[in-house]
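Q: Input file: input-v2.tsv. Contents: TSV, C-alpha atoms.
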chain	number	residue	atom	x	y	z
A	9	ILE	CA	0.00	0.00	0.00
A	10	GLY	CA	2.87	2.36	0.75
A	11	ARG	CA	4.40	1.70	-2.65
A	12	LEU	CA	1.07	2.38	-4.38
A	13	SER	CA	0.86	5.69	-2.53
A	14	ALA	CA	4.46	6.66	-3.23
A	15	ASP	CA	4.09	5.97	-6.97
A	16	GLY	CA	0.85	7.94	-7.22
A	17	GLU	CA	-1.21	4.88	-8.09
A	18	ILE	CA	-3.67	5.62	-5.30
A	19	VAL	CA	-4.34	8.96	-7.02
A	20	ALA	CA	-4.84	7.11	-10.33
A	21	LEU	CA	-7.38	4.84	-8.67
A	22	GLN	CA	-9.30	7.83	-7.35
A	23	ALA	CA	-9.13	9.59	-10.74
A	24	SER	CA	-10.72	6.56	-12.39
A	25	GLY	CA	-13.60	6.65	-9.92
A	26	LEU	CA	-12.29	3.98	-7.53
A	27	GLY	CA	-11.55	4.90	-3.94
A	28	PRO	CA	-8.76	3.40	-1.84
A	29	PHE	CA	-11.29	1.20	-0.12
A	30	GLN	CA	-11.27	-0.97	-3.24
A	31	LEU	CA	-8.02	-2.32	-1.81
A	32	ILE	CA	-9.75	-3.71	1.25
A	33	ARG	CA	-10.57	-6.97	-0.56
A	34	PRO	CA	-6.95	-8.08	-1.26
A	35	MET	CA	-5.89	-6.96	2.20
A	36	ALA	CA	-8.72	-8.96	3.75
A	37	VAL	CA	-7.82	-12.03	1.68
A	38	HIS	CA	-4.22	-11.90	2.91
A	39	GLY	CA	-5.37	-11.29	6.47
A	40	LEU	CA	-7.88	-14.15	6.43
A	41	ALA	CA	-5.31	-16.55	5.00
A	42	THR	CA	-2.85	-15.65	7.74
A	43	LEU	CA	-5.64	-15.89	10.33
A	44	ALA	CA	-6.41	-19.46	9.23
A	45	VAL	CA	-2.77	-20.49	9.43
A	46	ALA	CA	-2.25	-18.80	12.80
A	47	PHE	CA	-5.41	-20.35	14.25
A	48	THR	CA	-4.26	-23.81	13.19
A	49	ILE	CA	-0.91	-23.24	14.87
A	50	TYR	CA	-2.26	-21.79	18.12
A	51	ALA	CA	-5.21	-24.17	18.47
A	52	PHE	CA	-3.65	-27.48	17.44
A	53	VAL	CA	0.07	-27.40	16.61
A	54	GLN	CA	1.36	-25.38	19.56
A	55	PRO	CA	-0.43	-27.39	22.30
A	56	TRP	CA	0.78	-30.67	20.80
A	57	ALA	CA	4.35	-29.42	20.38
A	58	SER	CA	4.42	-27.92	23.89
A	59	TYR	CA	3.32	-31.17	25.51
A	60	GLU	CA	5.62	-33.37	23.45
A	61	LEU	CA	8.56	-31.13	24.32
A	62	ARG	CA	7.85	-31.42	28.05
A	63	ALA	CA	7.41	-35.18	27.74
A	64	MET	CA	10.68	-35.48	25.82
A	65	GLN	CA	12.50	-33.49	28.48
A	66	GLY	CA	11.22	-35.94	31.06
A	67	ARG	CA	12.30	-39.01	29.09
A	68	ILE	CA	15.73	-38.03	27.90
A	69	LEU	CA	18.65	-36.83	29.95
A	70	THR	CA	20.17	-34.08	27.91
A	71	ALA	CA	23.73	-32.92	28.14
A	72	ARG	CA	22.55	-29.48	29.09
A	73	ASN	CA	20.89	-30.79	32.26
A	74	LEU	CA	24.15	-32.17	33.58
A	75	SER	CA	26.13	-29.18	32.37
A	76	THR	CA	24.07	-27.01	34.72
A	77	GLU	CA	25.26	-29.18	37.61
A	78	ILE	CA	28.93	-28.98	36.61
A	79	LYS	CA	30.53	-25.64	37.44
A	80	PRO	CA	33.85	-24.40	36.03
A	81	ARG	CA	36.82	-24.83	38.37
A	82	VAL	CA	34.73	-26.72	40.94
A	83	PHE	CA	35.16	-30.45	41.64
A	84	PHE	CA	31.95	-32.30	40.76
A	85	ASP	CA	31.59	-35.55	42.75
A	86	ALA	CA	27.84	-36.21	42.55
A	87	LEU	CA	28.42	-39.19	40.25
A	88	PRO	CA	29.27	-42.22	42.43
A	89	GLY	CA	32.86	-43.30	41.85
A	90	TYR	CA	33.77	-40.29	39.69
A	91	VAL	CA	35.21	-36.83	40.19
A	92	ILE	CA	35.11	-34.31	37.33
A	93	PHE	CA	36.98	-31.02	37.13
A	94	VAL	CA	36.36	-28.58	34.27
A	95	ASP	CA	38.33	-25.42	33.68
A	96	GLU	CA	35.78	-23.75	31.37
A	97	ILE	CA	32.31	-24.34	29.91
A	98	PRO	CA	31.79	-22.13	26.81
A	99	PRO	CA	28.59	-20.05	27.06
A	100	GLY	CA	25.75	-21.20	24.85
A	101	THR	CA	27.13	-24.72	24.39
A	102	GLN	CA	25.50	-27.95	25.51
A	103	GLY	CA	27.79	-30.59	26.95
A	104	VAL	CA	31.08	-29.03	25.81
A	105	LEU	CA	33.82	-28.97	28.46
A	106	GLU	CA	37.25	-27.41	28.06
A	107	ARG	CA	40.39	-28.64	29.86
A	108	THR	CA	38.79	-31.54	31.70
A	109	VAL	CA	40.08	-33.92	34.36
A	110	LEU	CA	38.20	-37.13	35.21
A	111	TYR	CA	39.06	-39.44	38.08
A	112	GLN	CA	37.41	-42.86	38.17
A	113	ALA	CA	37.69	-44.88	41.37
A	114	SER	CA	38.50	-48.58	41.21
A	115	ASP	CA	35.73	-51.16	41.07
A	116	SER	CA	35.48	-53.84	43.72
A	117	GLY	CA	37.45	-57.02	43.17
A	118	ARG	CA	41.00	-58.00	42.47
A	119	ASN	CA	43.03	-56.25	39.80
A	120	ALA	CA	40.63	-53.30	39.91
A	121	THR	CA	42.31	-50.23	38.47
A	122	GLU	CA	41.77	-46.55	38.99
A	123	ARG	CA	41.82	-44.12	36.09
A	124	LEU	CA	42.78	-40.51	35.68
A	125	ILE	CA	42.03	-38.78	32.37
A	126	VAL	CA	43.39	-35.35	31.47
A	127	ALA	CA	42.07	-33.93	28.19
A	128	LYS	CA	42.01	-30.65	26.33
A	129	ASP	CA	38.30	-31.00	25.49
A	130	ALA	CA	35.42	-33.29	26.35
A	131	THR	CA	31.76	-33.69	25.45
A	132	ILE	CA	28.86	-35.02	27.51
A	133	ALA	CA	25.82	-36.68	25.97
A	134	PRO	CA	23.27	-39.39	26.83
A	135	ALA	CA	24.36	-42.88	25.79
A	136	THR	CA	22.65	-44.20	22.69
A	137	ASP	CA	21.37	-47.31	24.50
A	138	ARG	CA	18.61	-45.23	26.14
A	139	GLN	CA	19.25	-46.85	29.52
A	140	GLY	CA	19.80	-43.57	31.32
A	141	ARG	CA	23.58	-43.75	31.13
A	142	LEU	CA	25.97	-40.92	30.38
A	143	ARG	CA	28.70	-40.98	27.76
A	144	LEU	CA	31.83	-38.83	27.91
A	145	VAL	CA	34.15	-38.44	24.94
A	146	PHE	CA	37.59	-36.94	25.56
A	147	LYS	CA	39.80	-35.38	22.92
A	148	ASP	CA	43.54	-34.70	22.84
A	149	GLY	CA	44.68	-35.98	26.21
A	150	VAL	CA	46.31	-38.67	28.32
A	151	ALA	CA	44.67	-41.56	30.17
A	152	HIS	CA	46.47	-42.87	33.27
A	153	SER	CA	45.51	-46.23	34.79
A	154	PHE	CA	46.96	-47.71	37.97
A	155	ARG	CA	46.37	-49.77	41.10
A	156	SER	CA	47.19	-48.13	44.38
A	157	ASP	CA	48.64	-51.33	45.82
A	158	ASP	CA	50.86	-52.04	42.81
A	159	PRO	CA	53.00	-49.16	41.50
A	160	ASN	CA	54.23	-51.35	38.64
A	161	SER	CA	50.69	-51.46	37.22
A	162	TYR	CA	50.87	-47.81	36.16
A	163	ARG	CA	50.12	-47.23	32.45
A	164	SER	CA	49.59	-44.06	30.45
A	165	VAL	CA	48.19	-43.71	26.96
A	166	LYS	CA	48.05	-40.59	24.81
A	167	PHE	CA	44.98	-40.31	22.63
A	168	ASP	CA	43.30	-38.11	20.10
A	169	THR	CA	39.81	-39.37	21.00
A	170	PHE	CA	38.92	-41.60	23.92
A	171	ALA	CA	35.46	-42.78	25.05
A	172	PRO	CA	35.41	-44.75	28.34
A	173	PRO	CA	32.45	-47.01	29.15
A	174	PRO	CA	29.21	-45.10	29.81
A	175	ILE	CA	28.59	-43.90	33.35
A	176	VAL	CA	25.62	-45.25	35.30
A	177	LEU	CA	23.79	-42.25	36.73
A	178	PRO	CA	22.35	-42.02	40.25
A	179	PRO	CA	18.55	-42.21	40.56
A	180	TRP	CA	18.07	-38.44	40.90
A	181	MET	CA	19.67	-37.95	37.47
A	182	GLN	CA	17.81	-40.78	35.74
A	183	SER	CA	15.38	-39.96	32.97
A	184	SER	CA	11.70	-40.63	33.48
A	185	ASP	CA	9.24	-42.34	31.12
A	186	LYS	CA	6.22	-40.99	32.98
A	187	ARG	CA	4.10	-38.65	30.89
A	188	PRO	CA	3.67	-35.26	32.58
A	189	ASP	CA	0.29	-33.82	33.43
A	190	LYS	CA	-1.06	-31.41	30.86
A	191	THR	CA	-1.42	-27.72	31.54
A	192	VAL	CA	-3.98	-25.56	29.73
A	193	SER	CA	-1.33	-24.51	27.19
A	194	ASP	CA	-0.83	-28.21	26.28
A	195	MET	CA	-4.49	-29.04	25.77
A	196	PRO	CA	-6.19	-29.27	22.36
A	197	PRO	CA	-9.54	-27.48	22.07
A	198	GLU	CA	-11.70	-30.40	23.22
A	199	GLU	CA	-9.55	-31.02	26.33
A	200	LEU	CA	-9.49	-27.30	27.07
A	201	TRP	CA	-13.28	-27.26	26.96
A	202	ASP	CA	-13.40	-30.27	29.32
A	203	GLU	CA	-11.03	-28.46	31.70
A	204	TYR	CA	-13.28	-25.39	31.70
A	205	ARG	CA	-16.38	-27.49	32.45
A	206	ALA	CA	-14.55	-29.38	35.18
A	207	ALA	CA	-13.41	-26.11	36.74
A	208	ARG	CA	-16.95	-24.74	36.75
A	209	ALA	CA	-18.27	-27.94	38.36
A	210	SER	CA	-15.62	-27.96	41.10
A	211	PRO	CA	-16.48	-26.59	44.57
A	212	ALA	CA	-15.81	-22.93	45.30
A	213	SER	CA	-12.19	-22.32	46.28
A	214	PRO	CA	-9.23	-20.16	45.23
A	215	ILE	CA	-8.07	-23.03	43.00
A	216	ARG	CA	-11.43	-23.03	41.21
A	217	GLY	CA	-11.06	-19.35	40.27
A	218	PHE	CA	-7.51	-19.89	39.07
A	219	ARG	CA	-8.53	-22.88	36.93
A	220	LEU	CA	-11.41	-20.96	35.39
A	221	ARG	CA	-9.26	-17.93	34.58
A	222	SER	CA	-6.48	-20.08	33.14
A	223	ALA	CA	-8.83	-22.03	30.86
A	224	LEU	CA	-10.69	-18.91	29.73
A	225	ALA	CA	-7.50	-16.94	29.15
A	226	GLU	CA	-6.00	-19.73	27.05
A	227	ALA	CA	-9.18	-20.04	24.96
A	228	HIS	CA	-9.36	-16.28	24.36
A	229	ARG	CA	-5.63	-16.13	23.57
A	230	ARG	CA	-5.97	-18.75	20.84
A	231	LEU	CA	-8.65	-16.61	19.19
A	232	ALA	CA	-7.23	-13.13	19.79
A	233	LEU	CA	-3.76	-13.70	18.36
A	234	PRO	CA	-4.91	-15.15	15.01
A	235	LEU	CA	-7.48	-12.38	14.64
A	236	ALA	CA	-4.69	-9.84	15.09
A	237	SER	CA	-3.32	-11.03	11.72
A	238	LEU	CA	-6.49	-9.81	10.00
A	239	LEU	CA	-6.52	-6.55	11.94
A	240	PHE	CA	-2.90	-5.78	11.04
A	241	ALA	CA	-3.61	-6.48	7.37
A	242	LEU	CA	-6.57	-4.08	7.37
A	243	LEU	CA	-4.61	-1.49	9.36
A	244	ALA	CA	-2.01	-1.41	6.57
A	245	LEU	CA	-4.51	0.33	4.27
A	246	PRO	CA	-5.05	3.62	6.15
A	247	LEU	CA	-1.44	3.75	7.32
A	248	GLY	CA	-0.07	3.15	3.82
A	249	VAL	CA	-2.38	5.67	2.15
A	250	SER	CA	-1.79	8.39	4.73
A	251	ARG	CA	2.05	8.25	4.49
A	252	VAL	CA	2.38	9.25	0.82
A	253	ARG	CA	5.82	10.87	1.06
A	254	SER	CA	7.35	8.43	3.51
A	255	GLY	CA	9.87	5.90	2.32
A	256	LYS	CA	9.92	2.17	2.92
A	257	GLY	CA	12.13	2.62	5.99
A	258	ALA	CA	9.62	4.87	7.70
A	259	GLY	CA	6.77	2.47	7.00
A	260	PHE	CA	8.80	-0.46	8.29
A	261	ALA	CA	9.71	1.43	11.48
A	262	LEU	CA	6.07	2.39	12.02
A	263	SER	CA	5.01	-1.25	11.59
A	264	LEU	CA	7.55	-2.42	14.18
A	265	GLY	CA	6.40	0.26	16.58
A	266	ILE	CA	2.75	-0.75	16.25
A	267	ILE	CA	3.57	-4.44	16.72
A	268	LEU	CA	5.69	-3.64	19.78
A	269	VAL	CA	2.92	-1.60	21.39
A	270	TYR	CA	0.39	-4.33	20.56
A	271	TRP	CA	2.55	-7.04	22.16
A	272	MET	CA	3.17	-4.96	25.30
A	273	ILE	CA	-0.55	-4.37	25.76
A	274	PHE	CA	-1.39	-8.00	24.99
A	275	THR	CA	1.16	-9.53	27.39
A	276	SER	CA	0.38	-7.16	30.24
A	277	GLY	CA	-3.37	-7.62	29.73
A	278	THR	CA	-2.96	-11.39	29.69
A	279	GLU	CA	-1.06	-11.37	32.99
A	280	GLN	CA	-3.66	-9.07	34.58
A	281	ALA	CA	-6.48	-11.33	33.36
A	282	ARG	CA	-4.84	-14.52	34.67
A	283	GLY	CA	-4.24	-12.84	38.00
A	284	GLY	CA	-7.90	-11.91	38.28
A	285	ARG	CA	-7.27	-8.15	38.37
A	286	VAL	CA	-9.26	-7.44	35.19
A	287	PRO	CA	-11.96	-9.44	33.39
A	288	VAL	CA	-10.44	-12.18	31.25
A	289	ALA	CA	-12.08	-11.08	28.00
A	290	LEU	CA	-11.03	-7.45	28.47
A	291	GLY	CA	-7.43	-8.31	29.36
A	292	ILE	CA	-6.93	-10.63	26.38
A	293	TRP	CA	-8.79	-8.58	23.78
A	294	ALA	CA	-7.69	-5.08	24.81
A	295	ALA	CA	-4.83	-4.96	22.30
A	296	ASN	CA	-7.10	-6.11	19.45
A	297	ILE	CA	-9.71	-3.53	20.39
A	298	ILE	CA	-7.12	-0.75	20.32
A	299	VAL	CA	-5.79	-1.85	16.91
A	300	PHE	CA	-9.34	-2.07	15.56
As structure tokens, what does this structure read like?
A:
Amino acid sequence: IGRLSADGEIVALQASGLGPFQLIRPMAVHGLATLAVAFTIYAFVQPWASYELRAMQGRILTARNLSTEIKPRVFFDALPGYVIFVDEIPPGTQGVLERTVLYQASDSGRNATERLIVAKDATIAPATDRQGRLRLVFKDGVAHSFRSDDPNSYRSVKFDTFAPPPIVLPPWMQSSDKRPDKTVSDMPPEELWDEYRAARASPASPIRGFRLRSALAEAHRRLALPLASLLFALLALPLGVSRVRSGKGAGFALSLGIILVYWMIFTSGTEQARGGRVPVALGIWAANIIVF
């Protein structure tokens, strides 16, 4: 619309007897198409993806989970029979350890050896056997093996890559196959409706009000956000026509500003509605009403 205005084509439309409102139809078509796609995502795809992600996090021990337990330059001895020392963990990485030392205590029995591994780098990841074990891979280092009661048993091996047997994790680090309970953001429309009915039928209590507000807010959110796609498409018409002499940069900046204000109003209204400080419908739909 801004390009049509800048090139004088809006004036040509008016000179031929057609007003700028003739452009409402293509804008509405684009807005309705985006509304349909957004509604499908918010109503069906997002709840399914959100729940599957939480279930996956419960089933699989990721390297990031253990990396949060290991701190740079602090001895980590929560793994039975192991002590890990890491000099640095690069920010933004998952399971990457720099300048690592691993001590493995000896197993019970005769000829049991202890092991000390010093490596330039190491990686942590779940073992591929899906038995809740942890696999460490060391790079560019030296592995020392010995028995405390026999100094002659000492051996050292330099390596480029070395992967010791997977580590059996303690119970508190084990992954879980139990499916988590669904929250309102994980529920498809039919389950969300059942949750709303169940909340209404429950006895009066603070929990009842919270359940009702959560279900209502989630239902309104899944409708309000897709409808915003149509409203933004229609809003482009008056904004584009009124800024005849503005360049593309100005129009783009104005669009970002409007979207930012919309999102601030929407998020704050949603939090107020879920907290019970404003009516749910007003809190969720306030941003759409302002844009309209």
Q: Applying 10 Å and only C-alpha atoms, which residues near region 29-42 of chain A remain after dropping the ones on its own chain fewer than 2 positions away? List them as a PyMOL selection string.
A: chain A and resi 9+18+21-22+26-27+44-48+234-246
Q: What would the file look like if the residues just selected were written as an mmCIF file, in the coordinates of the input with C-alpha atoms?
A:
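Resulting contents of again27.cif:
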data_model
loop_
_atom_site.group_PDB
_atom_site.id
_atom_site.type_symbol
_atom_site.label_atom_id
_atom_site.label_comp_id
_atom_site.auth_asym_id
_atom_site.auth_seq_id
_atom_site.Cartn_x
_atom_site.Cartn_y
_atom_site.Cartn_z
ATOM 1 C CA ILE A 9 0.000 0.000 0.000
ATOM 2 C CA ILE A 18 -3.670 5.620 -5.300
ATOM 3 C CA LEU A 21 -7.380 4.840 -8.670
ATOM 4 C CA GLN A 22 -9.300 7.830 -7.350
ATOM 5 C CA LEU A 26 -12.290 3.980 -7.530
ATOM 6 C CA GLY A 27 -11.550 4.900 -3.940
ATOM 7 C CA ALA A 44 -6.410 -19.460 9.230
ATOM 8 C CA VAL A 45 -2.770 -20.490 9.430
ATOM 9 C CA ALA A 46 -2.250 -18.800 12.800
ATOM 10 C CA PHE A 47 -5.410 -20.350 14.250
ATOM 11 C CA THR A 48 -4.260 -23.810 13.190
ATOM 12 C CA PRO A 234 -4.910 -15.150 15.010
ATOM 13 C CA LEU A 235 -7.480 -12.380 14.640
ATOM 14 C CA ALA A 236 -4.690 -9.840 15.090
ATOM 15 C CA SER A 237 -3.320 -11.030 11.720
ATOM 16 C CA LEU A 238 -6.490 -9.810 10.000
ATOM 17 C CA LEU A 239 -6.520 -6.550 11.940
ATOM 18 C CA PHE A 240 -2.900 -5.780 11.040
ATOM 19 C CA ALA A 241 -3.610 -6.480 7.370
ATOM 20 C CA LEU A 242 -6.570 -4.080 7.370
ATOM 21 C CA LEU A 243 -4.610 -1.490 9.360
ATOM 22 C CA ALA A 244 -2.010 -1.410 6.570
ATOM 23 C CA LEU A 245 -4.510 0.330 4.270
ATOM 24 C CA PRO A 246 -5.050 3.620 6.150
#
Q: Quick one, how far is CA of Met272 (chain A) from CA of Asp194 (chain A)?
A: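 Computed distance, CA of Met272 (chain A) to CA of Asp194 (chain A), equals 23.6 Å.
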Q: In file coordinates, which residues lie within 12 Å of (-8.1, -10.4, 26.0) using only C-alpha atoms, given as a ChimeraX atom specification?
A: /A:221,224-233,235-236,270-271,273-282,286-298
Q: For the atom pair CA of Val299 (chain A) and CA of Val249 (chain A), what is the interatomic distance in Å to one decimal place?
A: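 Between CA of Val299 (chain A) and CA of Val249 (chain A) the gap is 16.9 Å.
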Q: What lies within 10 Å of region 53-62 of chain A using all atoms listed in the file, ignoring chain neighbours under 6 positions off, as a list in words?
A: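 Those residues are Ala46, Phe47, Arg187, Pro188, Asp189, Lys190, Thr191, Val192, Ser193, Asp194, Met195, Pro196, Pro197 and Arg230 of chain A.
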Q: Tell me, in Å to one decimal, how far CA of Arg205 (chain A) is from CA of Gly217 (chain A).
A: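 Result for CA of Arg205 (chain A) versus CA of Gly217 (chain A): 12.5 Å, one decimal.
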Q: Enumerate, in order of chain and increasing residue number, the residues of region 165-253 of chain A with an atom no farther than 12 Å from region 149-152 of chain A, each with its shortest atom pair and distance in Å to one decimal, counting only C-alpha atoms, as CSV.
A:
residue,atom,partner,partner_atom,distance
A:Val165,CA,A:Ala151,CA,5.2
A:Lys166,CA,A:Val150,CA,4.4
A:Phe167,CA,A:Gly149,CA,5.6
A:Asp168,CA,A:Gly149,CA,6.6
A:Thr169,CA,A:Gly149,CA,7.9
A:Phe170,CA,A:Gly149,CA,8.4
A:Ala171,CA,A:Ala151,CA,10.6
A:Pro172,CA,A:Ala151,CA,10.0
Q: For region 128-137 of chain A, list every protein, DNA or RNA residue within 6 Å, evaluated using only C-alpha atoms, and leave out those in the same chain fewer than 4 positions away; present the list as a PyMOL selection string.
A: chain A and resi 71+103-107+141-149
Q: List as JSON, numbers by chain the protein and nucleic acid residues near Ala207 (chain A), meaning an atom at most 9 Å away when only C-alpha atoms are counted, but skip any in the same chain fewer than 3 places from it.
A: {"A": [202, 203, 204, 210, 211, 215, 216, 217, 218, 219, 220, 223]}
Q: Would you mind exporting C-alpha atoms of the selected residues as a compact mmCIF listing (two decimals), in the frame of the given file?
A:
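Writing the result to part07.txt gives the following:
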# COMPACT_ATOMS: atom_id res chain seq x y z
CA ASP A 202 -13.40 -30.27 29.32
CA GLU A 203 -11.03 -28.46 31.70
CA TYR A 204 -13.28 -25.39 31.70
CA SER A 210 -15.62 -27.96 41.10
CA PRO A 211 -16.48 -26.59 44.57
CA ILE A 215 -8.07 -23.03 43.00
CA ARG A 216 -11.43 -23.03 41.21
CA GLY A 217 -11.06 -19.35 40.27
CA PHE A 218 -7.51 -19.89 39.07
CA ARG A 219 -8.53 -22.88 36.93
CA LEU A 220 -11.41 -20.96 35.39
CA ALA A 223 -8.83 -22.03 30.86
